[in-house]
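A.B. asks: File follows, run28.tsv with TSV, C-alpha atoms and all ligand atoms:
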chain	number	residue	atom	x	y	z
A	493	MET	CA	14.21	14.79	7.85
A	494	LEU	CA	11.77	11.97	7.51
A	495	GLN	CA	8.12	12.32	8.23
A	496	MET	CA	6.27	9.22	9.32
A	497	PHE	CA	2.61	8.72	8.60
A	498	THR	CA	0.91	5.93	10.40
A	499	LEU	CA	-2.42	4.30	9.89
A	500	LEU	CA	-4.43	3.62	12.99
A	501	LEU	CA	-7.45	1.41	13.18
A	502	LEU	CA	-9.95	1.77	15.96
A	503	LEU	CA	-11.32	-1.54	17.16
A	504	THR	CA	-14.90	-0.39	17.48
A	505	PHE	CA	-16.84	-2.13	14.77
A	506	PRO	CA	-19.18	-5.07	14.38
A	507	PHE	CA	-18.39	-8.42	12.79
A	508	LEU	CA	-17.79	-8.28	9.12
A	509	SER	CA	-17.80	-10.96	6.50
A	510	GLY	CA	-17.37	-11.50	2.80
A	511	ALA	CA	-15.92	-9.36	0.10
A	512	ALA	CA	-17.70	-8.09	-2.94
A	513	ASP	CA	-16.40	-8.14	-6.45
A	514	VAL	CA	-14.58	-5.01	-7.40
A	515	GLN	CA	-15.54	-3.19	-10.51
A	516	THR	CA	-12.84	-2.93	-13.10
A	517	ARG	CA	-12.63	-0.88	-16.21
A	518	ALA	CA	-10.87	-0.83	-19.52
A	519	ASN	CA	-7.08	-0.85	-19.50
A	520	GLY	CA	-4.92	2.22	-20.05
A	521	ASN	CA	-3.89	2.81	-16.45
A	522	SER	CA	-0.42	4.07	-15.61
A	523	GLN	CA	1.96	1.47	-14.23
A	524	VAL	CA	3.50	1.55	-10.75
A	525	VAL	CA	6.12	-1.05	-9.80
A	526	VAL	CA	6.01	-2.15	-6.15
A	527	SER	CA	8.76	-4.30	-4.64
A	528	VAL	CA	7.50	-6.25	-1.63
A	529	TYR	CA	9.88	-7.54	1.03
A	530	ASN	CA	7.97	-10.16	2.98
A	531	ASP	CA	10.07	-10.15	6.14
A	532	ALA	CA	7.08	-11.25	8.23
A	533	LYS	CA	6.93	-14.45	6.15
A	534	MET	CA	3.27	-13.99	5.40
A	535	SER	CA	2.00	-16.95	3.39
A	536	MET	CA	2.22	-16.53	-0.37
A	537	ARG	CA	-1.53	-17.12	-0.56
A	538	ASP	CA	-2.31	-14.26	1.80
A	539	LEU	CA	0.33	-12.07	0.19
A	540	ALA	CA	-1.13	-12.65	-3.25
A	541	GLY	CA	-4.58	-11.88	-1.88
A	542	ALA	CA	-3.38	-8.64	-0.28
A	543	GLU	CA	-1.62	-7.58	-3.47
A	544	SER	CA	-4.72	-8.36	-5.48
A	545	TRP	CA	-6.90	-6.34	-3.12
A	546	ALA	CA	-4.53	-3.35	-3.20
A	547	SER	CA	-4.41	-3.64	-7.00
A	548	ASN	CA	-8.19	-3.44	-7.14
A	549	ILE	CA	-8.19	-0.26	-5.07
A	550	LEU	CA	-5.43	1.46	-7.05
A	551	TRP	CA	-6.85	0.26	-10.35
A	552	GLN	CA	-9.97	2.26	-9.69
A	553	ALA	CA	-7.73	5.30	-9.16
A	554	GLY	CA	-6.32	4.79	-12.65
A	555	LEU	CA	-3.10	3.02	-11.65
A	556	ASN	CA	-1.88	-0.46	-12.54
A	557	LEU	CA	0.30	-1.96	-9.79
A	558	VAL	CA	3.02	-4.38	-10.87
A	559	TRP	CA	4.29	-6.52	-8.00
A	560	ARG	CA	7.82	-7.74	-7.42
A	561	ASN	CA	7.95	-10.27	-4.60
A	562	CYS	CA	11.43	-9.82	-3.22
A	563	GLY	CA	11.54	-11.33	0.23
A	564	HIS	CA	10.75	-14.55	1.98
A	565	GLY	CA	7.40	-16.28	1.67
A	566	ALA	CA	6.42	-19.63	3.10
A	567	GLY	CA	10.05	-20.66	3.27
A	568	HIS	CA	10.86	-19.65	-0.28
A	569	ILE	CA	12.89	-16.77	-1.52
A	570	THR	CA	11.30	-15.32	-4.61
A	571	ARG	CA	13.70	-12.54	-5.40
A	572	HIS	CA	12.87	-10.79	-8.61
A	573	VAL	CA	15.56	-9.37	-10.84
A	574	ASP	CA	13.87	-5.97	-10.90
A	575	CYS	CA	13.50	-5.57	-7.14
A	576	ASP	CA	15.79	-2.56	-7.08
A	577	SER	CA	14.72	-0.95	-10.33
A	578	PRO	CA	14.76	2.86	-10.21
A	579	GLY	CA	11.39	4.46	-9.64
A	580	ARG	CA	9.87	1.51	-7.84
A	581	ILE	CA	8.03	1.73	-4.52
A	582	ALA	CA	9.41	-0.56	-1.82
A	583	LEU	CA	7.12	-1.96	0.87
A	584	ARG	CA	8.40	-4.10	3.70
A	585	ILE	CA	5.99	-6.40	5.53
A	586	ILE	CA	7.23	-6.74	9.09
A	587	PRO	CA	5.63	-8.22	12.21
A	588	GLY	CA	4.95	-4.90	13.92
A	589	PRO	CA	6.14	-1.36	14.60
A	590	ALA	CA	9.57	-0.83	16.09
A	591	HIS	CA	8.02	1.15	18.92
A	592	PRO	CA	4.59	-0.34	19.72
A	593	THR	CA	1.96	1.87	21.29
A	594	GLN	CA	-1.46	1.15	22.74
A	595	ASP	CA	-3.02	2.10	19.42
A	596	SER	CA	-3.23	-0.54	16.73
A	597	ILE	CA	-0.95	0.84	14.04
A	598	PHE	CA	-1.06	-0.99	10.73
A	599	GLY	CA	1.54	0.72	8.61
A	600	VAL	CA	3.87	3.63	8.08
A	601	ALA	CA	5.22	5.54	5.08
A	602	PHE	CA	8.49	7.45	5.08
A	603	LEU	CA	8.49	10.83	3.36
A	604	ALA	CA	11.27	13.38	2.96
A	605	SER	CA	10.64	17.00	3.87
A	606	ASP	CA	9.63	17.73	0.28
A	607	GLY	CA	6.89	15.11	0.49
A	608	THR	CA	8.57	12.54	-1.75
A	609	GLY	CA	9.23	8.99	-0.72
A	610	LYS	CA	9.26	5.40	-1.90
A	611	TYR	CA	9.61	3.32	1.25
A	612	GLY	CA	6.87	2.06	3.55
A	613	ASP	CA	6.29	-0.58	6.20
A	614	VAL	CA	3.14	-2.67	6.64
A	615	PHE	CA	2.58	-4.42	9.95
A	616	TYR	CA	1.44	-8.02	9.82
A	617	GLN	CA	0.53	-8.90	13.42
A	618	PRO	CA	-2.07	-6.14	13.96
A	619	ALA	CA	-3.79	-7.28	10.76
A	620	VAL	CA	-3.73	-10.92	11.91
A	621	GLN	CA	-5.25	-9.87	15.22
A	622	LEU	CA	-8.02	-8.01	13.44
A	623	HIS	CA	-8.61	-11.01	11.18
A	624	LYS	CA	-8.94	-13.34	14.17
A	625	GLU	CA	-11.08	-11.04	16.28
A	626	LEU	CA	-13.50	-9.84	13.64
A	627	GLY	CA	-13.42	-12.49	10.94
A	628	VAL	CA	-12.42	-10.00	8.28
A	629	ARG	CA	-10.25	-11.46	5.52
A	630	LEU	CA	-6.56	-10.97	6.21
A	631	ALA	CA	-5.96	-10.17	2.56
A	632	ASP	CA	-8.55	-7.38	2.67
A	633	VAL	CA	-6.97	-5.71	5.70
A	634	MET	CA	-3.41	-6.09	4.43
A	635	GLY	CA	-4.43	-4.98	0.94
A	636	GLY	CA	-6.16	-1.91	2.33
A	637	VAL	CA	-3.16	-0.94	4.42
A	638	VAL	CA	-0.83	-1.49	1.45
A	639	ALA	CA	-3.04	0.75	-0.69
A	640	HIS	CA	-3.09	3.40	2.07
A	641	GLU	CA	0.69	3.46	2.37
A	642	ILE	CA	1.15	3.59	-1.41
A	643	GLY	CA	-1.26	6.52	-1.26
A	644	HIS	CA	1.07	8.31	1.13
A	645	LEU	CA	4.03	7.72	-1.16
A	646	LEU	CA	2.19	9.08	-4.20
A	647	LEU	CA	0.24	11.90	-2.55
A	648	GLY	CA	3.03	13.41	-0.47
A	649	SER	CA	2.56	15.33	2.75
A	650	HIS	CA	-0.84	15.94	4.30
A	651	ALA	CA	-2.45	13.03	2.46
A	652	HIS	CA	-4.92	12.11	5.16
A	653	ALA	CA	-8.52	12.90	4.33
A	654	SER	CA	-11.86	12.89	6.12
A	655	ALA	CA	-13.23	10.05	4.01
A	656	GLY	CA	-12.07	7.12	1.90
A	657	ILE	CA	-8.95	4.95	2.01
A	658	MET	CA	-6.77	7.86	3.19
A	659	ARG	CA	-8.56	8.38	6.51
A	660	ALA	CA	-5.94	8.42	9.28
A	661	GLN	CA	-8.08	6.17	11.44
A	662	TRP	CA	-10.39	3.50	10.15
A	663	HIS	CA	-13.59	2.91	12.04
A	664	GLY	CA	-16.08	0.07	11.68
A	665	GLU	CA	-17.87	1.66	8.75
A	666	ASP	CA	-14.53	2.04	6.93
A	667	LEU	CA	-13.70	-1.65	7.37
A	668	HIS	CA	-17.16	-2.55	6.18
A	669	LYS	CA	-16.53	-0.52	3.02
A	670	LEU	CA	-13.06	-2.01	2.68
A	671	VAL	CA	-14.28	-5.60	2.51
A	672	LYS	CA	-16.93	-4.57	0.00
A	673	GLY	CA	-14.33	-2.87	-2.16
A	674	GLU	CA	-15.82	0.54	-1.49
A	675	LEU	CA	-13.06	2.16	0.57
A	676	LEU	CA	-11.32	4.01	-2.23
A	677	PHE	CA	-9.32	7.06	-3.20
A	678	THR	CA	-11.29	10.18	-4.08
A	679	ALA	CA	-11.29	11.41	-7.68
A	680	GLU	CA	-9.04	14.28	-6.62
A	681	GLN	CA	-6.56	11.95	-4.91
A	682	ALA	CA	-6.58	9.65	-7.93
A	683	ALA	CA	-5.79	12.54	-10.26
A	684	GLN	CA	-2.99	13.72	-7.99
A	685	MET	CA	-1.45	10.23	-7.84
A	686	ARG	CA	-1.60	9.85	-11.62
A	687	THR	CA	0.14	13.22	-11.97
A	688	THR	CA	2.87	12.08	-9.55
A	689	VAL	CA	3.36	8.80	-11.44
A	690	ALA	CA	3.58	10.63	-14.78
A	691	ARG	CA	6.07	13.13	-13.32
A	692	ASN	CA	8.20	10.35	-11.81
A	693	GLN	CA	8.19	8.52	-15.14
A	694	GLN	CA	9.26	11.67	-16.94
A	695	THR	CA	12.09	12.19	-14.44
A	696	LEU	CA	13.28	8.61	-14.92
A	697	GLU	CA	13.25	8.93	-18.71
A	698	THR	CA	15.21	12.17	-18.50
A	699	GLN	CA	17.79	10.54	-16.24
A	700	LEU	CA	18.02	7.58	-18.60
A	701	GLU	CA	18.63	9.89	-21.56
A	702	LEU	CA	21.30	11.78	-19.62
A	703	ASN	CA	23.00	8.51	-18.65
A	704	GLN	CA	22.95	7.26	-22.23
A	705	GLY	CA	24.35	10.58	-23.43
A	706	SER	CA	27.24	10.39	-21.00
A	707	TYR	CA	28.84	7.35	-22.65
B	1	ZN	ZN	-1.90	7.29	6.92
Go ahead and express the file in the form of structure tokens.

C.D. replies:
Amino acid sequence: MLQMFTLLLLLTFPFLSGAADVQTRANGNSQVVVSVYNDAKMSMRDLAGAESWASNILWQAGLNLVWRNCGHGAGHITRHVDCDSPGRIALRIIPGPAHPTQDSIFGVAFLASDGTGKYGDVFYQPAVQLHKELGVRLADVMGGVVAHEIGHLLLGSHAHASAGIMRAQWHGEDLHKLVKGELLFTAEQAAQMRTTVARNQQTLETQLELNQGSY
């Protein structure tokens, strides 16, 4: 049974502008490969901006995102050889939810009953609407939603929190923090995600050893 976790955004905030530099720190972060399927044909410029913004957010949680652009972008297919590599997260950028509601839903992550998962959808049109209505950078919104959905896939069930990037609903103050690079994972969430990544890596290495031993 799949659980679906959606991100809502309440359109009750003032105009926002600009994005602050995000603090980085010394390398040593664990690596997470993310295959992106750009079915919405978002421009490569905006896609790169969104990936960069999500990378900034996850970087501060101690994770280094490695992007594989696997779908269409500005008329080009940029399929990467490692799109289907085991252990990767797969995010699909699509125009909108299959079953639209009155709420503005920005993304969804698909988790199995044990809380594991590696597939998520990010919705392009709601982000474009927000960009046009409020002047917030499209890359910031898309990057924030991408980071939120990756959070679901690494944190498992019940990942929503009362503060930070994993709030179920973003209000004006959250968007304001997002564009300033201050809407982040908590230290506890970051530690949990790093543990998940390390465990997944260990599982992959064990499987690889078993496969090699079977020849
Ligand atoms: Zn969510």

A.B. asks: How far is it from atom CA of Met534 of chain A to atom CA of Val689 of chain A, in Å with one decimal?

C.D. replies: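 Taking atom CA of Met534 of chain A as the start and atom CA of Val689 of chain A as the end point, the length is 28.3 Å.
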
A.B. asks: Which one is closest to ligand ZN 1 (chain B): A:Phe602, A:Trp545, A:Trp551, A:Trp559? Count only C-alpha atoms and all ligand atoms.

C.D. replies: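 For ligand ZN 1 (chain B), the nearest of the given residues is A:Phe602.
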
A.B. asks: Counting only C-alpha atoms and all ligand atoms, what are the residues of chain A within 10 Å of ligand ZN 1 (chain B), and for each of them which pair of atoms is the nearest and at what distance in Å, to one decimal? Sort the table by chain and rising number, as CSV.

C.D. replies:
residue,atom,partner,partner_atom,distance
A:Met496,CA,B:ZN1,ZN,8.7
A:Phe497,CA,B:ZN1,ZN,5.0
A:Thr498,CA,B:ZN1,ZN,4.7
A:Leu499,CA,B:ZN1,ZN,4.2
A:Leu500,CA,B:ZN1,ZN,7.5
A:Ile597,CA,B:ZN1,ZN,9.7
A:Phe598,CA,B:ZN1,ZN,9.2
A:Gly599,CA,B:ZN1,ZN,7.6
A:Val600,CA,B:ZN1,ZN,6.9
A:Ala601,CA,B:ZN1,ZN,7.6
A:Val637,CA,B:ZN1,ZN,8.7
A:His640,CA,B:ZN1,ZN,6.3
A:Glu641,CA,B:ZN1,ZN,6.5
A:Ile642,CA,B:ZN1,ZN,9.6
A:Gly643,CA,B:ZN1,ZN,8.2
A:His644,CA,B:ZN1,ZN,6.6
A:His650,CA,B:ZN1,ZN,9.1
A:Ala651,CA,B:ZN1,ZN,7.3
A:His652,CA,B:ZN1,ZN,6.0
A:Ala653,CA,B:ZN1,ZN,9.1
A:Ile657,CA,B:ZN1,ZN,8.9
A:Met658,CA,B:ZN1,ZN,6.2
A:Arg659,CA,B:ZN1,ZN,6.8
A:Ala660,CA,B:ZN1,ZN,4.8
A:Gln661,CA,B:ZN1,ZN,7.7
A:Trp662,CA,B:ZN1,ZN,9.8

A.B. asks: Which residue is closest to Leu557 of chain A? Choose from A:Lys624, A:Ile585, A:Cys575, A:Ala639 and count only C-alpha atoms.

C.D. replies: A:Ala639

A.B. asks: Closest to Leu700 of chain A among A:Tyr529, A:Gly673, A:Gly579, A:Glu543, using only C-alpha atoms?

C.D. replies: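 Ranked by minimum distance to Leu700 of chain A, first place goes to A:Gly579.
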
A.B. asks: Work out how far apart atom CA of Asn521 of chain A and atom CA of Glu697 of chain A are and give it in Å to one decimal.

C.D. replies: 18.3 Å

A.B. asks: Report the closest atom pair, with its distance in Å rounded to one decimal, for each residue of segment 560-666 of chain A that has an atom no farther than 12 Å from segment 522-527 of chain A; count all atoms listed in the file, sort by chain and then rising residue number, and write it as a tab-separated table.

C.D. replies:
residue	atom	partner	partner_atom	distance
A:Arg560	CA	A:Ser527	CA	4.5
A:Asn561	CA	A:Ser527	CA	6.0
A:Cys562	CA	A:Ser527	CA	6.3
A:Gly563	CA	A:Ser527	CA	9.0
A:Thr570	CA	A:Ser527	CA	11.3
A:Arg571	CA	A:Ser527	CA	9.6
A:His572	CA	A:Ser527	CA	8.6
A:Val573	CA	A:Ser527	CA	10.5
A:Asp574	CA	A:Ser527	CA	8.3
A:Cys575	CA	A:Ser527	CA	5.5
A:Asp576	CA	A:Ser527	CA	7.6
A:Ser577	CA	A:Val525	CA	8.6
A:Pro578	CA	A:Val525	CA	9.5
A:Gly579	CA	A:Val525	CA	7.6
A:Arg580	CA	A:Val525	CA	4.9
A:Ile581	CA	A:Val526	CA	4.7
A:Ala582	CA	A:Ser527	CA	4.7
A:Leu583	CA	A:Ser527	CA	6.2
A:Arg584	CA	A:Ser527	CA	8.4
A:Ile585	CA	A:Ser527	CA	10.7
A:Lys610	CA	A:Val526	CA	9.3
A:Tyr611	CA	A:Ser527	CA	9.7
A:Gly612	CA	A:Ser527	CA	10.5
A:Asp613	CA	A:Ser527	CA	11.7
A:Val638	CA	A:Val526	CA	10.2
A:Ala639	CA	A:Val526	CA	11.0
A:Glu641	CA	A:Val526	CA	11.5
A:Ile642	CA	A:Val526	CA	8.9
A:Gly643	CA	A:Val524	CA	11.7
A:Leu645	CA	A:Val526	CA	11.2
A:Leu646	CA	A:Val524	CA	10.1

A.B. asks: Which residues come within 7 Å of Pro589 of chain A, counting all atoms listed in the file, excluding same-chain residues fewer than 2 positions away, as a ChimeraX atom specification?

C.D. replies: /A:591-592,615

A.B. asks: Work out how far apart atom CA of Val671 of chain A and atom CA of Gln684 of chain A are and give it in Å to one decimal.

C.D. replies: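 Separation between atom CA of Val671 of chain A and atom CA of Gln684 of chain A: 24.7 Å.
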
A.B. asks: Using all atoms listed in the file, find the one residue out of A:Leu630, A:Ala553, A:Ala619, A:Ala590 that sits nearest to Ala540 of chain A.

C.D. replies: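 Of the candidates, the smallest distance to Ala540 of chain A is held by A:Leu630.
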
A.B. asks: Have a look at A:Gly656, A:Gly635, A:Gly705, A:Gly664 and name the one nearest to Ala542 of chain A; count all atoms listed in the file.

C.D. replies: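 Nearest candidate to Ala542 of chain A out of A:Gly656, A:Gly635, A:Gly705, A:Gly664: A:Gly635.
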
A.B. asks: Could you check which of A:Gly636, A:Leu675, A:Asn556, A:Val620 is closest to Ala655 of chain A, using only C-alpha atoms?

C.D. replies: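 Closest residue, counting only C-alpha atoms: A:Leu675.
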
A.B. asks: Regenerate segment 649-664 of chain A at the level of N, CA and C atoms and dump it as a CSV table (one decimal), in the coordinates of the input.

C.D. replies:
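Once everything was written out, this is part_26.csv:
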chain,number,residue,atom,x,y,z
A,649,SER,N,2.9,14.9,1.4
A,649,SER,CA,2.6,15.3,2.8
A,649,SER,C,1.1,15.7,2.8
A,650,HIS,N,0.6,15.6,4.0
A,650,HIS,CA,-0.8,15.9,4.3
A,650,HIS,C,-1.8,15.1,3.5
A,651,ALA,N,-1.6,13.9,3.3
A,651,ALA,CA,-2.4,13.0,2.5
A,651,ALA,C,-3.7,12.5,3.2
A,652,HIS,N,-3.7,12.6,4.5
A,652,HIS,CA,-4.9,12.1,5.2
A,652,HIS,C,-6.2,12.9,4.8
A,653,ALA,N,-7.3,12.3,4.7
A,653,ALA,CA,-8.5,12.9,4.3
A,653,ALA,C,-9.6,12.5,5.3
A,654,SER,N,-10.7,13.2,5.2
A,654,SER,CA,-11.9,12.9,6.1
A,654,SER,C,-12.7,11.7,5.7
A,655,ALA,N,-12.5,11.2,4.5
A,655,ALA,CA,-13.2,10.0,4.0
A,655,ALA,C,-12.4,9.2,3.0
A,656,GLY,N,-12.7,8.0,2.9
A,656,GLY,CA,-12.1,7.1,1.9
A,656,GLY,C,-10.9,6.4,2.5
A,657,ILE,N,-10.1,5.8,1.6
A,657,ILE,CA,-9.0,5.0,2.0
A,657,ILE,C,-7.9,5.7,2.7
A,658,MET,N,-7.8,7.1,2.6
A,658,MET,CA,-6.8,7.9,3.2
A,658,MET,C,-7.2,8.5,4.5
A,659,ARG,N,-8.2,8.0,5.1
A,659,ARG,CA,-8.6,8.4,6.5
A,659,ARG,C,-7.4,7.9,7.4
A,660,ALA,N,-7.0,8.8,8.4
A,660,ALA,CA,-5.9,8.4,9.3
A,660,ALA,C,-6.3,7.3,10.2
A,661,GLN,N,-7.6,7.2,10.6
A,661,GLN,CA,-8.1,6.2,11.4
A,661,GLN,C,-9.3,5.5,10.8
A,662,TRP,N,-9.2,4.2,10.7
A,662,TRP,CA,-10.4,3.5,10.2
A,662,TRP,C,-11.3,3.0,11.3
A,663,HIS,N,-12.6,3.4,11.1
A,663,HIS,CA,-13.6,2.9,12.0
A,663,HIS,C,-14.3,1.7,11.4
A,664,GLY,N,-15.3,1.2,12.1
A,664,GLY,CA,-16.1,0.1,11.7
A,664,GLY,C,-16.7,0.2,10.3
